[in-house]
Every structure is written in C-alpha cells, then in structure tokens.
>>> print(open('work.pdb').read())   # PDB, C-alpha atoms
ATOM      1  CA  GLY A   1     157.089  33.029-185.541
ATOM      2  CA  THR A   2     159.625  30.332-184.804
ATOM      3  CA  PRO A   3     162.856  29.867-186.792
ATOM      4  CA  VAL A   4     162.748  27.406-189.696
ATOM      5  CA  SER A   5     165.600  25.016-188.949
ATOM      6  CA  GLY A   6     166.278  24.305-192.633
ATOM      7  CA  PHE A   7     166.701  27.989-193.443
ATOM      8  CA  GLY A   8     170.394  28.858-193.494
ATOM      9  CA  SER A   9     172.172  27.978-190.267
ATOM     10  CA  GLY A  10     170.046  27.296-187.196
ATOM     11  CA  GLY A  11     167.027  29.070-188.643
ATOM     12  CA  SER A  12     168.644  32.490-189.086
ATOM     13  CA  VAL A  13     170.908  34.155-191.633
ATOM     14  CA  VAL A  14     172.339  37.519-192.593
ATOM     15  CA  PHE A  15     169.735  38.356-195.241
ATOM     16  CA  PRO A  16     170.075  40.514-198.365
ATOM     17  CA  SER A  17     168.633  43.954-197.638
ATOM     18  CA  ARG A  18     168.413  45.275-201.192
ATOM     19  CA  VAL A  19     167.274  43.992-204.559
ATOM     20  CA  GLY A  20     170.292  42.597-206.365
ATOM     21  CA  ASP A  21     172.119  41.678-203.162
ATOM     22  CA  ILE A  22     173.774  38.291-202.823
ATOM     23  CA  GLU A  23     174.690  37.019-199.364
ATOM     24  CA  ARG A  24     176.941  34.030-198.683
ATOM     25  CA  LEU A  25     175.562  31.849-195.893
ATOM     26  CA  PRO A  26     177.743  30.187-193.230
ATOM     27  CA  ASP A  27     177.208  26.799-194.905
ATOM     28  CA  GLY A  28     178.548  28.046-198.264
ATOM     29  CA  ARG A  29     175.209  28.531-199.975
ATOM     30  CA  TYR A  30     173.867  31.876-201.217
ATOM     31  CA  LEU A  31     170.714  33.977-200.886
ATOM     32  CA  VAL A  32     169.849  36.062-203.938
ATOM     33  CA  ALA A  33     167.362  38.939-203.625
ATOM     34  CA  HIS A  34     165.203  40.274-206.446
ATOM     35  CA  GLY A  35     161.979  42.256-206.631
ATOM     36  CA  THR A  36     160.634  45.805-206.538
ATOM     37  CA  GLY A  37     159.575  48.299-203.887
ATOM     38  CA  ASP A  38     159.717  47.028-200.323
ATOM     39  CA  SER A  39     158.972  43.388-201.206
ATOM     40  CA  ILE A  40     161.814  41.027-202.007
ATOM     41  CA  LEU A  41     161.850  37.502-203.411
ATOM     42  CA  LEU A  42     164.616  35.222-202.213
ATOM     43  CA  ASP A  43     166.214  32.308-204.037
ATOM     44  CA  ARG A  44     168.748  30.048-202.349
ATOM     45  CA  LEU A  45     171.615  28.631-204.394
ATOM     46  CA  ASN A  46     174.111  25.900-203.685
ATOM     47  CA  ALA A  47     177.803  26.795-203.535
ATOM     48  CA  ASN A  48     178.183  25.850-207.228
ATOM     49  CA  GLY A  49     175.357  28.213-208.267
ATOM     50  CA  THR A  50     172.660  25.607-208.876
ATOM     51  CA  PRO A  51     169.198  26.069-207.261
ATOM     52  CA  ASP A  52     168.963  24.644-203.747
ATOM     53  CA  THR A  53     166.078  22.175-203.992
ATOM     54  CA  THR A  54     165.840  21.906-200.183
ATOM     55  CA  PHE A  55     164.753  25.557-199.872
ATOM     56  CA  GLY A  56     161.251  24.999-198.518
ATOM     57  CA  THR A  57     159.124  21.900-198.804
ATOM     58  CA  GLY A  58     157.778  21.985-202.355
ATOM     59  CA  ASP A  59     156.929  18.529-203.656
ATOM     60  CA  GLU A  60     158.777  19.274-206.878
ATOM     61  CA  GLY A  61     161.774  20.570-204.963
ATOM     62  CA  ALA A  62     161.269  24.318-205.370
ATOM     63  CA  ILE A  63     159.540  27.015-203.398
ATOM     64  CA  GLY A  64     159.408  30.806-203.382
ATOM     65  CA  TYR A  65     160.092  33.061-200.423
ATOM     66  CA  LEU A  66     158.513  36.509-200.038
ATOM     67  CA  LEU A  67     160.086  39.023-197.676
ATOM     68  CA  LYS A  68     158.868  42.547-196.858
ATOM     69  CA  LEU A  69     161.282  44.981-195.256
ATOM     70  CA  GLY A  70     160.548  48.098-193.231
ATOM     71  CA  ASN A  71     161.447  51.499-194.703
ATOM     72  CA  THR A  72     163.400  52.891-191.766
ATOM     73  CA  LEU A  73     166.845  52.173-190.343
ATOM     74  CA  PRO A  74     167.781  49.831-188.855
ATOM     75  CA  VAL A  75     166.013  47.657-191.421
ATOM     76  CA  SER A  76     163.410  45.335-189.930
ATOM     77  CA  ILE A  77     161.445  42.434-191.399
ATOM     78  CA  VAL A  78     157.710  43.212-191.677
ATOM     79  CA  TYR A  79     156.990  39.632-192.685
ATOM     80  CA  ALA A  80     158.617  36.640-194.357
ATOM     81  CA  THR A  81     156.745  33.699-195.823
ATOM     82  CA  TYR A  82     157.142  30.758-198.137
ATOM     83  CA  LEU A  83     155.155  30.653-201.409
ATOM     84  CA  GLY A  84     154.674  27.304-203.016
ATOM     85  CA  PRO A  85     155.216  24.685-204.102
ATOM     86  CA  GLY A  86     156.550  26.680-207.051
ATOM     87  CA  GLU A  87     159.085  29.250-208.162
ATOM     88  CA  ALA A  88     158.382  32.982-207.850
ATOM     89  CA  ALA A  89     159.646  35.104-210.749
ATOM     90  CA  SER A  90     158.553  38.727-210.228
ATOM     91  CA  VAL A  91     156.952  40.949-207.595
ATOM     92  CA  ALA A  92     155.200  44.332-207.733
ATOM     93  CA  THR A  93     153.655  46.419-204.950
ATOM     94  CA  PHE A  94     150.556  48.601-204.602
ATOM     95  CA  GLY A  95     149.101  50.067-201.413
ATOM     96  CA  GLY A  96     151.451  47.931-199.353
ATOM     97  CA  ASP A  97     150.215  44.696-200.950
ATOM     98  CA  ALA A  98     152.607  42.422-202.850
ATOM     99  CA  PHE A  99     151.678  40.988-206.249
ATOM    100  CA  VAL A 100     153.685  37.911-207.241
ATOM    101  CA  ILE A 101     153.846  35.816-210.402
ATOM    102  CA  GLY A 102     155.670  32.569-210.935
ATOM    103  CA  THR A 103     155.462  28.965-212.061
ATOM    104  CA  THR A 104     154.354  25.801-210.318
ATOM    105  CA  PHE A 105     154.618  22.125-211.207
ATOM    106  CA  ASN A 106     152.066  21.129-208.609
ATOM    107  CA  ALA A 107     148.259  21.116-208.421
ATOM    108  CA  THR A 108     148.468  21.659-204.637
ATOM    109  CA  PHE A 109     149.607  25.282-205.029
ATOM    110  CA  PRO A 110     147.235  27.222-202.732
ATOM    111  CA  THR A 111     144.466  29.188-204.445
ATOM    112  CA  THR A 112     141.669  31.272-202.944
ATOM    113  CA  ALA A 113     137.906  30.929-203.094
ATOM    114  CA  ASN A 114     136.363  32.483-206.227
ATOM    115  CA  ALA A 115     139.766  32.879-207.880
ATOM    116  CA  LEU A 116     139.801  33.319-211.662
ATOM    117  CA  GLN A 117     141.276  29.814-212.099
ATOM    118  CA  PRO A 118     141.218  27.821-208.855
ATOM    119  CA  ASN A 119     142.319  24.544-210.450
ATOM    120  CA  TYR A 120     145.557  23.428-212.087
ATOM    121  CA  GLY A 121     145.335  23.590-215.877
ATOM    122  CA  GLY A 122     147.369  20.456-216.518
ATOM    123  CA  SER A 123     150.520  19.457-218.396
ATOM    124  CA  ASN A 124     153.886  19.995-216.694
ATOM    125  CA  THR A 125     153.628  23.590-215.474
ATOM    126  CA  ASP A 126     151.119  26.367-214.824
ATOM    127  CA  ALA A 127     151.743  30.008-214.052
ATOM    128  CA  PHE A 128     150.330  31.455-210.844
ATOM    129  CA  ALA A 129     149.491  35.000-209.737
ATOM    130  CA  LEU A 130     148.722  36.131-206.209
ATOM    131  CA  ARG A 131     148.125  39.214-204.092
ATOM    132  CA  MET A 132     149.383  39.204-200.502
ATOM    133  CA  ASN A 133     147.998  41.700-197.980
ATOM    134  CA  ALA A 134     150.257  44.381-196.529
ATOM    135  CA  THR A 135     150.946  42.487-193.298
ATOM    136  CA  GLY A 136     151.683  39.147-194.949
ATOM    137  CA  THR A 137     148.937  37.412-192.986
ATOM    138  CA  ALA A 138     146.527  36.491-195.784
ATOM    139  CA  LEU A 139     146.176  36.053-199.525
ATOM    140  CA  ILE A 140     143.767  38.544-201.040
ATOM    141  CA  TYR A 141     143.746  36.221-204.039
ATOM    142  CA  SER A 142     145.761  33.426-205.558
ATOM    143  CA  THR A 143     145.029  31.861-208.920
ATOM    144  CA  PHE A 144     146.494  29.498-211.465
ATOM    145  CA  LEU A 145     147.057  30.852-214.981
ATOM    146  CA  GLY A 146     147.388  27.984-217.418
ATOM    147  CA  GLY A 147     145.937  25.394-219.731
ATOM    148  CA  ASP A 148     146.937  21.975-221.031
ATOM    149  CA  GLY A 149     150.281  23.207-222.384
ATOM    150  CA  GLN A 150     153.409  24.288-220.543
ATOM    151  CA  ASP A 151     152.879  27.742-219.029
ATOM    152  CA  GLN A 152     155.349  29.894-217.103
ATOM    153  CA  GLY A 153     154.752  33.222-215.363
ATOM    154  CA  THR A 154     157.581  35.737-215.750
ATOM    155  CA  ASP A 155     156.498  39.342-215.044
ATOM    156  CA  ILE A 156     153.812  41.301-213.214
ATOM    157  CA  VAL A 157     152.928  45.008-212.901
ATOM    158  CA  VAL A 158     150.008  46.780-211.212
ATOM    159  CA  ASN A 159     147.993  49.859-212.184
ATOM    160  CA  ASP A 160     146.559  52.554-209.910
ATOM    161  CA  ALA A 161     143.322  50.591-209.543
ATOM    162  CA  GLY A 162     145.116  47.592-208.063
ATOM    163  CA  GLU A 163     144.664  45.526-211.224
ATOM    164  CA  ALA A 164     147.553  43.209-212.076
ATOM    165  CA  PHE A 165     148.931  42.680-215.566
ATOM    166  CA  ALA A 166     150.516  39.222-215.668
ATOM    167  CA  ALA A 167     152.835  38.064-218.444
ATOM    168  CA  GLY A 168     154.587  34.837-219.293
ATOM    169  CA  ILE A 169     155.097  32.228-221.972
ATOM    170  CA  SER A 170     152.911  29.338-223.084
ATOM    171  CA  ARG A 171     153.428  26.379-225.393
ATOM    172  CA  GLY A 172     149.694  26.196-226.189
ATOM    173  CA  GLY A 173     146.248  25.711-224.689
ATOM    174  CA  PHE A 174     146.452  28.814-222.517
ATOM    175  CA  PRO A 175     142.962  30.162-221.632
ATOM    176  CA  THR A 176     142.173  33.392-223.461
ATOM    177  CA  SER A 177     139.125  35.641-223.177
ATOM    178  CA  ALA A 178     136.377  36.346-225.705
ATOM    179  CA  GLY A 179     137.430  39.049-228.143
ATOM    180  CA  GLY A 180     141.096  38.738-227.181
ATOM    181  CA  TYR A 181     143.724  40.189-229.505
ATOM    182  CA  GLN A 182     145.204  36.740-230.329
ATOM    183  CA  PRO A 183     143.121  33.840-229.035
ATOM    184  CA  VAL A 184     145.520  30.999-229.968
ATOM    185  CA  ASN A 185     149.230  30.280-230.048
ATOM    186  CA  ALA A 186     150.444  31.318-233.494
ATOM    187  CA  GLY A 187     153.633  29.260-233.425
ATOM    188  CA  THR A 188     154.284  25.588-234.091
ATOM    189  CA  PHE A 189     155.959  23.770-231.187
ATOM    190  CA  THR A 190     157.137  27.147-229.872
ATOM    191  CA  ASN A 191     156.200  29.445-227.014
ATOM    192  CA  ASP A 192     154.134  32.589-227.415
ATOM    193  CA  ILE A 193     153.809  35.343-224.829
ATOM    194  CA  PHE A 194     150.592  35.527-222.833
ATOM    195  CA  LEU A 195     149.192  38.713-221.275
ATOM    196  CA  VAL A 196     146.429  38.665-218.663
ATOM    197  CA  GLN A 197     144.762  41.580-216.877
ATOM    198  CA  LEU A 198     143.221  40.575-213.538
ATOM    199  CA  ASN A 199     140.651  42.615-211.650
ATOM    200  CA  SER A 200     141.688  43.873-208.223
ATOM    201  CA  SER A 201     140.119  40.910-206.410
ATOM    202  CA  GLY A 202     141.551  38.269-208.753
ATOM    203  CA  THR A 203     138.134  36.797-209.440
ATOM    204  CA  ASP A 204     137.859  37.728-213.115
ATOM    205  CA  TYR A 205     139.654  39.368-216.006
ATOM    206  CA  GLY A 206     140.089  43.108-216.134
ATOM    207  CA  CYS A 207     138.985  44.961-219.260
ATOM    208  CA  GLY A 208     142.132  43.810-221.084
ATOM    209  CA  GLY A 209     141.194  40.153-220.738
ATOM    210  CA  SER A 210     143.637  37.385-221.679
ATOM    211  CA  THR A 211     145.501  37.022-224.967
ATOM    212  CA  TYR A 212     148.509  35.561-226.700
ATOM    213  CA  VAL A 213     151.064  37.837-228.338
ATOM    214  CA  GLY A 214     153.447  36.243-230.803
ATOM    215  CA  GLY A 215     153.874  34.244-233.954
TER     216      GLY A 215
END
>>> encode(input="work.pdb", output="structure tokens")
Amino acid sequence: GTPVSGFGSGGSVVFPSRVGDIERLPDGRYLVAHGTGDSILLDRLNANGTPDTTFGTGDEGAIGYLLKLGNTLPVSIVYATYLGPGEAASVATFGGDAFVIGTTFNATFPTTANALQPNYGGSNTDAFALRMNATGTALIYSTFLGGDGQDQGTDIVVNDAGEAFAAGISRGGFPTSAGGYQPVNAGTFTNDIFLVQLNSSGTDYGCGGSTYVGG
C-alpha cells in the first residue's frame, strides 16, 4: 500500500512493537499500543495526552487502527488497517484472525452481509464486534451490538470454536435473546454490563445468547 500522509510524519513512524509500548512521534504526538497475541490496536495521542481526533477520517473524529506483526525478528508488519469510524477497545486472536470490539458514534460503520445486527441501533453510541481474516484483507464479519440506549463495547475473548464473547456496558434498550439470564437493564439511569456470545460467522448468537448482568 501507499503511505497515509496524515499518519505520523510523511506517512511513516517508528511504531510500537509490543503491547504496552508508547512511542513519541517526531511531531510530538504519541502512539500507544494495546491488544493481545500478534494483533495490536493503536491509539494516537496529542502531546498533552488527549486523543488525537485527526487519527483517521472518522466523521465523529475517532477511528481505530489494527496492526498485525510477524513473529520473527526483525519484526515485520503483516498488515495495518484503519477500523471505523469508531474507537477500538479490545482485540483477541484465534487461528490468525483478529476479533475486535469497540464503540462507534456513526451509522456508517461498515458491517457485513447477514451480520447479527447490520444496522445502527440508535441513540448516541453502539458497540461493534468484528472478525478480520488472518491476512487483513477482508472482514469475516462485522456487526453492530446496540439498541436505543447508549452502548459501549469494552472486552472480547474467543473460544476454541472461534466463537466470540463480547462484553460492554449499556444504559438500556440493548437487544437480548429469548431465555437470557437478565433480559432488561436492572438499574435506573445507570449502566449494566452486557454479555453476548456470537457464533463463529457472526450471523447469530452462540448458545450463550445475549444478556444483561447487573443491578
């Protein structure tokens, strides 16, 4: 691919190579790496530590960045791609694929055909969950997770069957499945946790379904 001119200085930077790394860019801003396995999420911060709203082209001023590194030295980039508009929060890996959860303010966040929830749920924010193939060339699935309240995705893990367990917080109206442990938000004007199990193709719930947890 070609360098992105808005990324660092002249389209290239010294990038963090490990989760937890922070690299200072030539222009005084910072790249912060977080994630698990060989997939890393990058956030860019201004010199004063505030989020850099020019990182990407998200309509709401925020975008995620997914980076996969090789497992031999010298370290090489397998792929690097923007995710958004939205903010990525957590990444897990299985079979070389990357599973990402986060939050978006925008109904234009890309979803895939036959996804569990292809359309934005409404209100100010929805969570999203996606599965990127091992080469970073295509989304295996991408789906919204949200209702008419404020929903934020925070954590994701994957089992040995490639099924993702997505977690976050919701103010209310989050879609839950029939027979779920807690079908409604038990609080008043407060957030409850949501837990969703997705099947491996992201087209439906896994056997755990979707539920609130909280009070």
>>> axis_aligned_box(input="work.pdb", around="region 135-149 of chain A", padding_each_side="4 Å", output="JSON")
{"center_x": 147.7, "center_y": 32.2, "center_z": -207.7, "size_x": 15.9, "size_y": 28.5, "size_z": 37.4}
>>> residues_around(input="work.pdb", residues="region 172-185 of chain A", least_positions_apart="3", cutoff="7 Å", atoms="only C-alpha atoms", output="ChimeraX atom specification")
/A:146-149,192,209-213
>>> atom_distance(input="work.pdb", atom1="CA of Thr81 (chain A)", atom2="CA of Ser142 (chain A)")
14.7 Å
>>> closest_residue(input="work.pdb", among="A:Gly95, A:Gly202, A:Gly214, A:Gly28", to="Thr111 (chain A)", atoms="all atoms listed in the file")
A:Gly202
>>> resolve_selection(input="work.pdb", expression="the PyMOL selection byres ((chain A and resi 116-120) around 12)", output="JSON, numbers by chain")
{"A": [103, 104, 105, 106, 107, 108, 109, 110, 111, 112, 113, 114, 115, 121, 122, 123, 124, 125, 126, 127, 128, 129, 130, 141, 142, 143, 144, 145, 146, 147, 148, 149, 150, 151, 174, 175, 176, 177, 196, 197, 198, 199, 200, 201, 202, 203, 204, 205, 206, 209, 210]}
>>> resolve_selection(input="work.pdb", expression="the PyMOL selection byres ((chain A and resi 92) around 6)", output="list in words")
Thr36, Val91, Thr93, Ala98, Phe99 and Val157 of chain A
>>> closest_residue(input="work.pdb", among="A:Gly162, A:Gly153, A:Gly136, A:Gly84", to="Leu69 (chain A)", atoms="all atoms listed in the file")
A:Gly136
>>> closest_residue(input="work.pdb", among="A:Asn159, A:Gly215, A:Asn46, A:Cys207", to="Arg171 (chain A)", atoms="only C-alpha atoms")
A:Gly215
>>> atom_distance(input="work.pdb", atom1="CA of Leu45 (chain A)", atom2="CA of Leu67 (chain A)")
16.9 Å
>>> atom_distance(input="work.pdb", atom1="CA of Asp97 (chain A)", atom2="CA of Val75 (chain A)")
18.7 Å
>>> closest_residue(input="work.pdb", among="A:Gly208, A:Gly187, A:Gly49, A:Gly102", to="Glu87 (chain A)", atoms="all atoms listed in the file")
A:Gly102
>>> residues_around(input="work.pdb", residues="region 154-156 of chain A", least_positions_apart="4", cutoff="6 Å", atoms="all atoms listed in the file", output="PDB file with C-alpha atoms, in the coordinates of the input")
ATOM      1  CA  ALA A  89     159.646  35.104-210.749  1.00  0.00           C
ATOM      2  CA  SER A  90     158.553  38.727-210.228  1.00  0.00           C
ATOM      3  CA  PHE A 165     148.931  42.680-215.566  1.00  0.00           C
ATOM      4  CA  ALA A 166     150.516  39.222-215.668  1.00  0.00           C
ATOM      5  CA  ALA A 167     152.835  38.064-218.444  1.00  0.00           C
ATOM      6  CA  GLY A 168     154.587  34.837-219.293  1.00  0.00           C
TER       7      GLY A 168
END
>>> closest_residue(input="work.pdb", among="A:Asn71, A:Ser170, A:Thr137, A:Thr50", to="Phe194 (chain A)", atoms="only C-alpha atoms")
A:Ser170
